[in-house]
Amino acid sequence: MLAKEERVLKQDAQEVHLHAKEIKELKIYNAMRSGMAQGKKRSKRRFYSYGAGAVLAAAAAIFVIVSSIGLPAGGTDDSVLGGSVQAVSTTSWNDFADYRRQPLTNRLVGGILERNLVKPVRQSASNKGYRMDVDGAVTDGRKVYILFNVHNGTDQEVIPADTKIQFGDFEVPYPHRGAALELANSGESRIQPGENKNFIYSTNYPASITDSKDLKFTLILTGTSEQALASSSSKYRTSLEVSFQLDPDDFKDQVRTLPVNRTLTVDGQQIIVHQVQYTPFNTYVDLEYDKANTKQIFSLLNPVLTATTGSQTEKLVYPGRITSNNSEVYKDSSQATLVFRYTGLNQPDSISLKIAGISALEPEHMKFVVDLNKQQVIEAPADDWEMVTSKKEHNATAEEILLRRKVTNMFYYTDSQGAVQAEYIGAGLDDKFTDANGQVHDRANRETPLINFGGTMISGDGTGIDEMSLSFDSQAADYPQPLTLSVSRIWNPIMETQSIELFSKK
């Protein structure tokens with residue numbers, strides 16, 4: 001890692017660390033809410049392997065937000081919530097002064113506000129003593145940000161439980177991949193009686209919606225009693241809905257798109273770079289993985305975009321990503337977008353992209369084959385997993401296998417809020433598994449959490465430990481063995497530095 005990049009990363013980590021205590025309540029609520037939701041309709045929810053969170057030392061830290069906290073599994077029938085009445089906002093207009101106050105949790109929105117790009121909306125919705133004032137919104141045709149305030153005019157404490165967004169006739173389906181809801185400033189997410197709280201909602205703009213300016217945003221509040229948090233009944237929830245117009249072409253004259261159509265080859269796998277697009281929000285690099293590739297590519301490692309104009313050179317590092325896993329923009333894993341930060345150097349003489357390698361794997365190896373009776377891993381996606389035999393101390397059952405591996409060559413990226421995070425190294429496990437007779441079964445969540453096991457522990461030097469539970473169901477040991485569990489993605493770095501010139505005026 002270059003010294004300059006390391007300084008930037010450490011600075012980002014320090015800034016995030018300052019907010020750690022302030023967002024602790026959000027972390028606790030997320031964990032509590034997630035646990036309750038998972039207790040409902042377990043077989044209908046996709047099961048992902050995750051632990052208690054990553055521990056990032058020195059060079060990085062996790063930035064936690066309220067992100068589609070959600071109702072109990074399967075949601076609730078929003079049509080019965082009703083009663084939301086829209087009107088012109090009557091709150092005092094202060095040119096987003098409340099959102100400009102520092103520190104703003106969303107650094108990307110902070111930069112957009114500094115450039116005075118957010119469009120006033122000033123529409124409100126009221127229902128059962130609650131009011132939501134949508135102060136402003138903005139889109140560059142790729143990302144959407146909505147700034148709004150919630151006033152609690154009742155005598156009951158509430159918290160945001162879910163959101164919905166509709167572009168024209170297209171309502172983004174549950175579970176709203178890529179959407180995030182966060183407090184605009186530091187504090188607790190619970191809204192006390194008589195209190196106001198500012199929030200920022202963000203999501204990706206659907207690529208298929210190009211002919212509509214109509215947008216409808218819905219916030220669902222829930223009470224914070226044990227009954228309210230555990231129930232899927234609409235009697236504990238209140239819906240606030242605001243419709244307004246947001247033009248994806250608002251900054252059309254400030255968007256610069258440079259066609260590329262060049263191919264980057266790593267480990268024999270071809271990555272087609274279609275274009276680089278500069279907007280007032282971000283710098284987007286649109287990619288496609290060749291369908292003839294022999295491996296499924298999960299991510300590019302440490303992408304660096306360098307632009308040069310005359311004597312000026314700017315290096316953009318730690319991009320975020322838009323994929324089919326975290327958005328509704330792409331329908332399959334063959335396409336992706338790298339999201340670098342905004343730069344004013346948007347009319348370069350040349351652009352180049354450099355990567356340290358890829359995380360990829362042959363599709364036929366994307367599975368775990370295990371024998372629960374023999375407590376044996378017959379086949380794994382990679383050979384660096386070791387089985388943890390001390391199961392009792394972690395509260396593990398006979399129907400699961402604990403795995404651990406050491407990781408090296410870790411890299412970093414920016415999340416949708418602009419905070420630097422470590423590359424995700426966990427595995428995406430399927431929600432079904434197959435026994436030796438070909439019978440398919442649903443996986444079930446654990447009733448109790450593992451003790452001091454699961455998740456990732458990562459150091460600033462790029463090394464770490466990944467722990468994972470292969471959990472099945474209470475009858476899994478009685479099924480014909482072995483059992484096969486597929487994975488949708490897994491960390492498998494292939495280190496091969498490559499660079500390519502994407503554009504040149506010469």
# chains A, B, ... in the order shown; residues from 1 in each chain; ligands from 1
>>> residues_around(residues="Val339 in chain A", least_positions_apart="5", cutoff="8 Å", atoms="only C-alpha atoms", output="PyMOL selection string")
chain A and resi 282-285+319-322
>>> closest_residue(among="A:Phe281, A:Lys119, A:Ile358, A:Leu429", to="Val487 in chain A", atoms="only C-alpha atoms")
A:Leu429
>>> atom_distance(atom1="CA of Ser324 in chain A", atom2="CA of Phe368 in chain A")
22.8 Å
>>> residues_around(residues="Arg489 in chain A", least_positions_apart="6", cutoff="8 Å", atoms="only C-alpha atoms", output="ChimeraX atom specification")
/A:298,366,427-429
>>> select_by_dssp(residues="range 114-279 of chain A", states="alpha helix (DSSP H)", output="ChimeraX atom specification")
/A:114,226-230
>>> atom_distance(atom1="CA of Gln312 in chain A", atom2="CA of Gly344 in chain A")
11.2 Å
>>> residues_around(residues="range 434-440 of chain A", least_positions_apart="6", cutoff="8 Å", atoms="only C-alpha atoms", output="NGL selection string")
:A and (479-485)
>>> closest_residue(among="A:Glu386, A:Asp371, A:Glu393, A:Asp466", to="Ile451 in chain A", atoms="only C-alpha atoms")
A:Glu393
>>> select_by_dssp(residues="range 341-398 of chain A", states="strand (DSSP E)", output="list in words")
Arg341, Ser350, Ile351, Ser352, Leu353, Lys354, Ile355, Ala356, Gly357, Ile358, Ser359, Ala360, Leu361, Lys367, Phe368, Val369, Val370, Asp371, Gln376, Val377, Ile378, Glu379, Glu386 and Met387 of chain A
>>> atom_distance(atom1="CA of Pro303 in chain A", atom2="CA of Pro175 in chain A")
28.7 Å
>>> residues_around(residues="Asn116 in chain A", least_positions_apart="6", cutoff="12 Å", atoms="only C-alpha atoms", output="ChimeraX atom specification")
/A:95-97,99-100,109-110,136-138,280-281
